[in-house]
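For reference, final.txt (compact mmCIF, C-alpha atoms):
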```
# COMPACT_ATOMS: atom_id res chain seq x y z
CA MET A 176 6.25 -8.18 -50.01
CA ASP A 177 4.09 -5.24 -48.95
CA ILE A 178 0.48 -6.01 -49.94
CA LYS A 179 -2.03 -3.26 -49.23
CA LEU A 180 -5.06 -4.50 -51.19
CA ILE A 181 -6.46 -7.89 -52.18
CA ALA A 182 -9.18 -8.13 -54.83
CA VAL A 183 -11.06 -11.37 -55.46
CA ASP A 184 -13.57 -12.56 -58.00
CA MET A 185 -16.38 -14.64 -56.49
CA ASP A 186 -17.82 -17.44 -58.65
CA GLY A 187 -15.16 -19.95 -59.65
CA THR A 188 -12.54 -18.13 -57.58
CA PHE A 189 -13.33 -17.28 -53.95
CA LEU A 190 -16.47 -19.45 -53.83
CA ASP A 191 -16.36 -23.17 -54.42
CA ASP A 192 -18.67 -24.90 -56.87
CA LYS A 193 -21.36 -25.09 -54.17
CA LYS A 194 -21.16 -21.29 -53.72
CA ASN A 195 -19.57 -21.62 -50.27
CA TYR A 196 -16.25 -20.62 -48.73
CA HIS A 197 -14.33 -21.60 -45.59
CA GLN A 198 -15.74 -18.96 -43.26
CA THR A 199 -13.58 -19.73 -40.22
CA TRP A 200 -10.38 -19.51 -42.24
CA PHE A 201 -11.48 -16.29 -43.94
CA LYS A 202 -12.49 -14.65 -40.65
CA GLN A 203 -9.03 -15.27 -39.24
CA LEU A 204 -7.44 -13.87 -42.40
CA TYR A 205 -9.75 -10.86 -42.40
CA ALA A 206 -8.74 -10.06 -38.82
CA VAL A 207 -5.11 -10.07 -39.93
CA MET A 208 -5.97 -7.86 -42.92
CA LYS A 209 -7.68 -5.33 -40.66
CA ALA A 210 -4.76 -5.31 -38.25
CA LYS A 211 -2.30 -4.72 -41.09
CA GLY A 212 -4.45 -2.17 -42.91
CA VAL A 213 -4.97 -4.38 -45.98
CA HIS A 214 -8.13 -3.62 -47.96
CA PHE A 215 -10.29 -6.56 -49.10
CA VAL A 216 -12.19 -5.91 -52.33
CA VAL A 217 -15.01 -8.06 -53.70
CA ALA A 218 -14.75 -7.82 -57.50
CA SER A 219 -17.55 -9.60 -59.32
CA GLY A 220 -20.00 -9.47 -62.18
CA ASN A 221 -22.75 -10.15 -59.66
CA GLN A 222 -25.26 -7.71 -58.24
CA TYR A 223 -24.06 -5.63 -55.28
CA TYR A 224 -27.08 -6.67 -53.20
CA LYS A 225 -26.13 -10.32 -53.72
CA LEU A 226 -22.47 -9.80 -52.88
CA LYS A 227 -23.32 -8.18 -49.56
CA THR A 228 -25.14 -11.31 -48.41
CA ILE A 229 -21.97 -13.39 -48.78
CA PHE A 230 -20.25 -11.37 -46.04
CA GLU A 231 -23.13 -10.62 -43.68
CA ASP A 232 -21.21 -9.67 -40.53
CA ILE A 233 -18.74 -7.38 -42.27
CA GLN A 234 -20.66 -6.43 -45.42
CA ASP A 235 -20.54 -2.70 -44.70
CA GLU A 236 -16.78 -2.74 -44.04
CA LEU A 237 -15.76 -4.09 -47.44
CA ALA A 238 -15.28 -2.48 -50.83
CA TYR A 239 -17.16 -3.79 -53.86
CA VAL A 240 -16.44 -3.62 -57.55
CA ALA A 241 -19.81 -5.03 -58.57
CA GLU A 242 -21.47 -5.60 -61.96
CA ASN A 243 -18.01 -5.90 -63.58
CA GLY A 244 -16.96 -2.41 -62.50
CA ALA A 245 -20.20 -0.58 -63.24
CA TYR A 246 -21.04 -0.16 -59.56
CA VAL A 247 -18.25 0.68 -57.09
CA ILE A 248 -18.90 0.96 -53.36
CA ASP A 249 -16.51 1.57 -50.48
CA GLY A 250 -18.18 0.50 -47.24
CA THR A 251 -21.60 2.10 -47.62
CA GLU A 252 -20.51 4.95 -49.91
CA VAL A 253 -21.23 4.68 -53.63
CA LEU A 254 -18.18 5.92 -55.55
CA PHE A 255 -19.26 5.25 -59.10
CA THR A 256 -22.28 4.19 -61.10
CA GLY A 257 -21.92 3.51 -64.81
CA GLU A 258 -24.68 4.06 -67.35
CA ILE A 259 -25.63 2.74 -70.75
CA ALA A 260 -27.46 5.57 -72.51
CA PRO A 261 -31.20 4.93 -73.03
CA GLU A 262 -30.86 4.93 -76.82
CA GLN A 263 -28.08 2.34 -76.53
CA VAL A 264 -30.22 0.21 -74.22
CA LYS A 265 -32.92 0.29 -76.88
CA LEU A 266 -30.41 -0.75 -79.55
CA ILE A 267 -29.11 -3.63 -77.42
CA VAL A 268 -32.64 -4.93 -76.86
CA GLU A 269 -33.28 -4.77 -80.60
CA LYS A 270 -30.08 -6.65 -81.38
CA LEU A 271 -30.87 -9.35 -78.84
CA SER A 272 -34.48 -9.89 -79.93
CA PRO A 273 -33.67 -12.32 -82.79
CA TYR A 274 -31.80 -14.57 -80.37
CA GLU A 275 -34.82 -16.08 -78.67
CA GLU A 276 -32.67 -18.92 -77.36
CA ILE A 277 -30.61 -16.49 -75.25
CA SER A 278 -32.02 -15.54 -71.83
CA ALA A 279 -31.25 -12.01 -70.66
CA VAL A 280 -31.15 -10.02 -67.44
CA MET A 281 -31.00 -6.22 -67.63
CA CYS A 282 -29.11 -4.77 -64.66
CA GLY A 283 -29.50 -1.34 -63.11
CA VAL A 284 -28.93 0.69 -59.97
CA ASN A 285 -32.24 -0.18 -58.35
CA GLY A 286 -32.39 -3.82 -59.37
CA ALA A 287 -32.36 -6.34 -62.20
CA TYR A 288 -35.07 -7.19 -64.70
CA VAL A 289 -36.19 -10.22 -66.70
CA LEU A 290 -39.00 -10.52 -69.21
CA GLU A 291 -42.30 -12.04 -68.12
CA SER A 292 -41.91 -14.42 -71.06
CA ALA A 293 -38.79 -15.95 -69.45
CA SER A 294 -39.14 -19.50 -68.16
CA ASP A 295 -39.84 -20.14 -64.50
CA GLU A 296 -36.60 -22.12 -64.34
CA PHE A 297 -34.58 -19.16 -65.59
CA TYR A 298 -36.32 -16.76 -63.21
CA ALA A 299 -35.67 -19.04 -60.22
CA LEU A 300 -32.01 -19.39 -61.18
CA MET A 301 -31.57 -15.63 -61.56
CA CYS A 302 -33.18 -14.97 -58.18
CA HIS A 303 -30.16 -16.70 -56.66
CA TYR A 304 -27.82 -14.14 -58.23
CA TYR A 305 -30.08 -11.08 -58.15
CA PRO A 306 -31.95 -10.59 -54.85
CA ARG A 307 -33.59 -7.54 -56.40
CA LEU A 308 -35.16 -9.08 -59.49
CA GLU A 309 -38.35 -7.94 -61.19
CA LYS A 310 -40.38 -9.36 -64.06
CA VAL A 311 -41.35 -6.84 -66.74
CA SER A 312 -43.41 -7.12 -69.90
CA ALA A 313 -40.72 -5.28 -71.89
CA PHE A 314 -37.25 -3.98 -71.09
CA GLY A 315 -38.23 -0.63 -72.59
CA GLN A 316 -40.69 0.06 -69.78
CA VAL A 317 -38.01 -0.01 -67.08
CA LYS A 318 -37.20 3.32 -65.44
CA ASP A 319 -33.73 2.77 -64.03
CA GLN A 320 -30.09 3.63 -64.71
CA ILE A 321 -28.92 0.59 -66.69
CA PHE A 322 -25.29 -0.47 -66.64
CA LYS A 323 -25.12 -4.12 -67.78
CA PHE A 324 -26.87 -6.99 -69.52
CA ALA A 325 -26.22 -10.55 -68.37
CA LEU A 326 -26.92 -13.30 -70.91
CA ILE A 327 -27.14 -17.05 -70.61
CA THR A 328 -26.47 -18.83 -73.89
CA PRO A 329 -27.69 -22.31 -74.82
CA ASP A 330 -25.52 -25.21 -73.75
CA LEU A 331 -22.39 -26.33 -75.54
CA ALA A 332 -24.34 -28.67 -77.80
CA ALA A 333 -26.03 -25.61 -79.29
CA GLY A 334 -22.82 -23.64 -79.65
CA GLY A 335 -22.71 -21.85 -76.31
CA VAL A 336 -20.42 -18.91 -75.70
CA GLU A 337 -18.07 -19.87 -78.55
CA LYS A 338 -20.92 -19.38 -81.03
CA TYR A 339 -22.56 -16.25 -79.64
CA LEU A 340 -19.64 -14.21 -78.29
CA PRO A 341 -18.15 -13.31 -81.71
CA LEU A 342 -21.62 -12.59 -83.11
CA LEU A 343 -22.44 -10.18 -80.30
CA MET A 344 -19.01 -8.59 -80.45
CA GLU A 345 -19.63 -7.73 -84.09
CA GLU A 346 -23.26 -6.61 -83.75
CA LEU A 347 -22.69 -4.50 -80.62
CA LYS A 348 -19.29 -3.06 -81.54
CA GLY A 349 -18.88 0.43 -80.09
CA VAL A 350 -21.98 0.05 -77.91
CA VAL A 351 -21.00 -2.51 -75.24
CA ASP A 352 -18.19 -5.02 -74.78
CA PRO A 353 -19.35 -8.67 -74.58
CA VAL A 354 -17.18 -10.68 -72.16
CA THR A 355 -17.50 -14.21 -70.82
CA SER A 356 -18.27 -14.61 -67.13
CA GLY A 357 -18.24 -18.41 -66.84
CA HIS A 358 -20.94 -21.10 -67.02
CA GLN A 359 -21.94 -20.28 -70.63
CA CYS A 360 -22.69 -16.70 -69.63
CA ILE A 361 -21.87 -13.45 -71.42
CA ASP A 362 -21.95 -10.00 -69.84
CA LEU A 363 -22.50 -6.91 -71.97
CA ILE A 364 -20.50 -4.22 -70.21
CA ILE A 365 -19.82 -0.54 -70.77
CA PRO A 366 -16.63 -0.05 -72.84
CA GLY A 367 -13.75 0.86 -70.56
CA CYS A 368 -15.86 0.03 -67.51
CA HIS A 369 -14.55 -3.24 -66.12
CA LYS A 370 -13.13 -4.65 -62.90
CA ALA A 371 -9.80 -2.89 -63.43
CA SER A 372 -11.42 0.53 -63.89
CA GLY A 373 -13.46 -0.02 -60.74
CA LEU A 374 -10.41 -1.14 -58.82
CA GLU A 375 -8.46 1.91 -60.02
CA ARG A 376 -11.10 4.16 -58.46
CA LEU A 377 -10.47 2.47 -55.12
CA LEU A 378 -6.68 2.63 -55.51
CA LYS A 379 -6.89 6.37 -56.10
CA ARG A 380 -9.10 6.77 -53.04
CA TYR A 381 -6.73 4.75 -50.84
CA GLY A 382 -3.47 6.05 -52.28
CA ILE A 383 -2.33 2.56 -53.25
CA ARG A 384 -0.25 1.51 -56.25
CA PRO A 385 -0.99 -1.54 -58.47
CA ASP A 386 2.34 -3.08 -57.41
CA GLU A 387 0.96 -3.22 -53.87
CA CYS A 388 -2.10 -5.23 -54.94
CA ALA A 389 -3.02 -8.89 -55.34
CA ALA A 390 -5.91 -10.11 -57.47
CA PHE A 391 -7.51 -13.51 -58.10
CA GLY A 392 -9.69 -14.64 -61.00
CA ASP A 393 -10.79 -17.40 -63.34
CA SER A 394 -12.75 -15.90 -66.27
CA SER A 395 -12.17 -13.39 -69.05
CA ASN A 396 -14.01 -10.63 -67.18
CA ASP A 397 -11.14 -10.78 -64.65
CA ILE A 398 -8.35 -10.23 -67.17
CA GLU A 399 -8.08 -6.42 -66.97
CA MET A 400 -7.98 -6.58 -63.17
CA LEU A 401 -5.33 -9.29 -63.22
CA LYS A 402 -3.19 -7.32 -65.67
CA LEU A 403 -3.44 -4.28 -63.40
CA CYS A 404 -2.16 -5.94 -60.23
CA LYS A 405 1.44 -7.07 -59.72
CA TYR A 406 0.46 -10.14 -57.70
CA SER A 407 -2.04 -11.68 -60.12
CA TYR A 408 -3.27 -15.24 -59.59
CA ALA A 409 -5.19 -17.65 -61.81
CA MET A 410 -7.11 -20.49 -60.27
CA GLU A 411 -6.35 -24.02 -61.44
CA ASN A 412 -9.87 -24.07 -62.89
CA ALA A 413 -9.34 -20.78 -64.76
CA SER A 414 -9.69 -20.40 -68.51
CA PRO A 415 -6.54 -20.63 -70.66
CA GLU A 416 -6.87 -16.91 -71.45
CA VAL A 417 -6.67 -16.05 -67.77
CA LYS A 418 -3.77 -18.40 -67.07
CA ALA A 419 -1.83 -16.73 -69.88
CA VAL A 420 -1.87 -13.23 -68.37
CA VAL A 421 -1.13 -13.81 -64.67
CA ASN A 422 2.13 -13.87 -62.77
CA TYR A 423 1.14 -16.66 -60.39
CA HIS A 424 -1.05 -19.76 -60.27
CA THR A 425 -2.85 -21.48 -57.41
CA VAL A 426 -5.05 -24.50 -56.76
CA SER A 427 -8.73 -24.57 -57.66
CA ASN A 428 -11.64 -22.76 -56.06
CA ASN A 429 -12.73 -26.07 -54.52
CA GLN A 430 -9.36 -26.34 -52.75
CA HIS A 431 -9.52 -22.86 -51.15
CA GLY A 432 -6.82 -21.53 -53.49
CA VAL A 433 -7.55 -17.88 -52.65
CA LEU A 434 -7.37 -18.38 -48.89
CA HIS A 435 -4.20 -20.44 -49.27
CA GLU A 436 -2.42 -17.65 -51.16
CA ILE A 437 -3.75 -14.87 -48.91
CA SER A 438 -2.31 -16.74 -45.90
CA LEU A 439 1.10 -16.63 -47.57
CA LEU A 440 0.74 -13.02 -48.76
CA LEU A 441 -0.06 -11.92 -45.21
CA GLY A 442 2.81 -13.89 -43.75
CA GLU A 443 0.53 -16.23 -41.79
CA PRO A 444 1.80 -19.76 -42.59
CA SER A 445 0.44 -20.99 -39.24
CA LEU A 446 -3.06 -20.83 -40.71
CA LEU A 447 -1.96 -23.22 -43.44
CA GLU A 448 -0.56 -25.55 -40.81
CA ASN A 449 -3.91 -25.48 -38.99
CA ILE A 450 -5.68 -26.36 -42.23
CA GLU A 451 -3.36 -29.27 -42.85
CA GLU A 452 -3.93 -30.53 -39.32
CA GLY A 453 -7.69 -30.13 -39.64
CA LYS A 454 -8.01 -27.61 -36.81
CA LEU A 455 -9.86 -24.97 -38.82
CA TYR A 456 -12.08 -27.59 -40.41
CA ALA A 457 -13.07 -28.77 -36.96
CA GLU A 458 -14.03 -25.22 -36.00
CA GLN A 459 -16.01 -24.82 -39.23
CA GLU A 460 -18.10 -27.88 -38.45
CA LYS A 461 -19.09 -26.78 -34.94
```
Kindly present the structure from the file in structure tokens form.
Amino acid sequence: MDIKLIAVDMDGTFLDDKKNYHQTWFKQLYAVMKAKGVHFVVASGNQYYKLKTIFEDIQDELAYVAENGAYVIDGTEVLFTGEIAPEQVKLIVEKLSPYEEISAVMCGVNGAYVLESASDEFYALMCHYYPRLEKVSAFGQVKDQIFKFALITPDLAAGGVEKYLPLLMEELKGVVDPVTSGHQCIDLIIPGCHKASGLERLLKRYGIRPDECAAFGDSSNDIEMLKLCKYSYAMENASPEVKAVVNYHTVSNNQHGVLHEISLLLGEPSLLENIEEGKLYAEQEK
């Protein structure tokens, strides 16, 4: 098995439910990846500026497929920035306006934007995911290159994603593709601009084939990326749609499923033995 690139989703996949990961274990794996020339790609629907903070010490060494493929960065070099045309942004805002129960974030190159009318609770929650977040009186006043909308639907009792996803797919057909991103959230992404398209830009740059790549995910916005890579893994906590398209399965995000499989992919079973014996946990707690 000759793996040259590993791409991982963040929420529900690499990160546990408390938004943490086993840093000591990952640092040892990352050292092996560097020594073997294996690229590590962070592939997420989250904002690039948020993703960088997860990997502080090495943030400028990694590659990022951020905003579901709309923003692709290799190290510190921006390779691609998607764009929803201004007239389409206007149409999306108009289509969303009747759904007052849906909270929206408009995402662009320079930052993300929420309406001043949004609740304080929603704003505080979004600040966790979008370090560059600005309140605006209207989305139409924003001067930025927009490439995504992130929506939070009401809870399951009010219908949630199952209610709103088909409605938005019909109303926004040909404009953006609505996809689920977990936790009752829907992302409106540029058609043809997803994690797989972003990853393909990196593969072309590196001269790597999809059959030399591993990818991990849990939600529908990971599906294209998982279909692209030969070594595709679904987390135990993944949606049924994701589990149906992958070649491999692993334990949940709360059980370090990604790190477990990377240890095996890199041929480093000794790291698994250390985990079982509690050695790496002891280091983590120091």
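If you measure from each of A:Ala210, A:Ala245, A:Leu326, A:Ala390 to A:Gln359 using all atoms listed in the file, the closest one turns out to be A:Leu326.
Here the question is which of A:Ser294, A:Ser438, A:Asn243, A:Gln198 gets nearest to A:Val217 using all atoms listed in the file, and that residue is A:Asn243.
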Enumerate, in order of chain and increasing residue number, the residues of stretch 240-281 of chain A with an atom no farther than 12 Å from stretch 299-304 of chain A, each with its shortest atom pair and distance in Å to one decimal, counting all atoms listed in the file, as a tab-separated table.
```
residue	atom	partner	partner_atom	distance
A:Glu242	CA	A:Tyr304	CA	11.3
A:Ser278	CA	A:Met301	CA	10.3
A:Ala279	CA	A:Met301	CA	9.8
A:Val280	CA	A:Met301	CA	8.1
A:Met281	CA	A:Met301	CA	11.2
```
To one decimal place, how far is atom CA of A:Gln316 from atom CA of A:Pro366 in Å?
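Going from atom CA of A:Gln316 over to atom CA of A:Pro366 covers 24.3 Å.
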Computed interatomic separation between atom CA of A:Lys225 and atom CA of A:Asn428 (Å):
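A separation of 19.2 Å between them.
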One number please: atom CA of A:Gly283 to atom CA of A:Lys323, in Å, one decimal.
7.0 Å
For A:Gly244, work out the shell of residues within 9 Å, counting all atoms listed in the file and skipping chain neighbours fewer than 3 positions away, then give it as a list in words.
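The residues satisfying every condition are Ala218, Ser219, Gly220, Tyr239, Val240, Ala241, Val247, Phe255, Thr256, Gly257, Ile364, Ile365, Cys368, His369, Lys370, Ala371, Ser372, Gly373 and Leu374 of chain A.
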Do you know which residues are at most 12 Å from stretch 317-320 of chain A counting only C-alpha atoms, after dropping those on the same chain fewer than 3 positions away, and could you put them as a PyMOL selection string?
chain A and resi 245-246+256-261+264-265+281-290+309-314+323
I'd like to know which of A:Tyr196, A:Val417, A:Ile277, A:Leu441 is closest to A:Lys209, using only C-alpha atoms.
A:Leu441
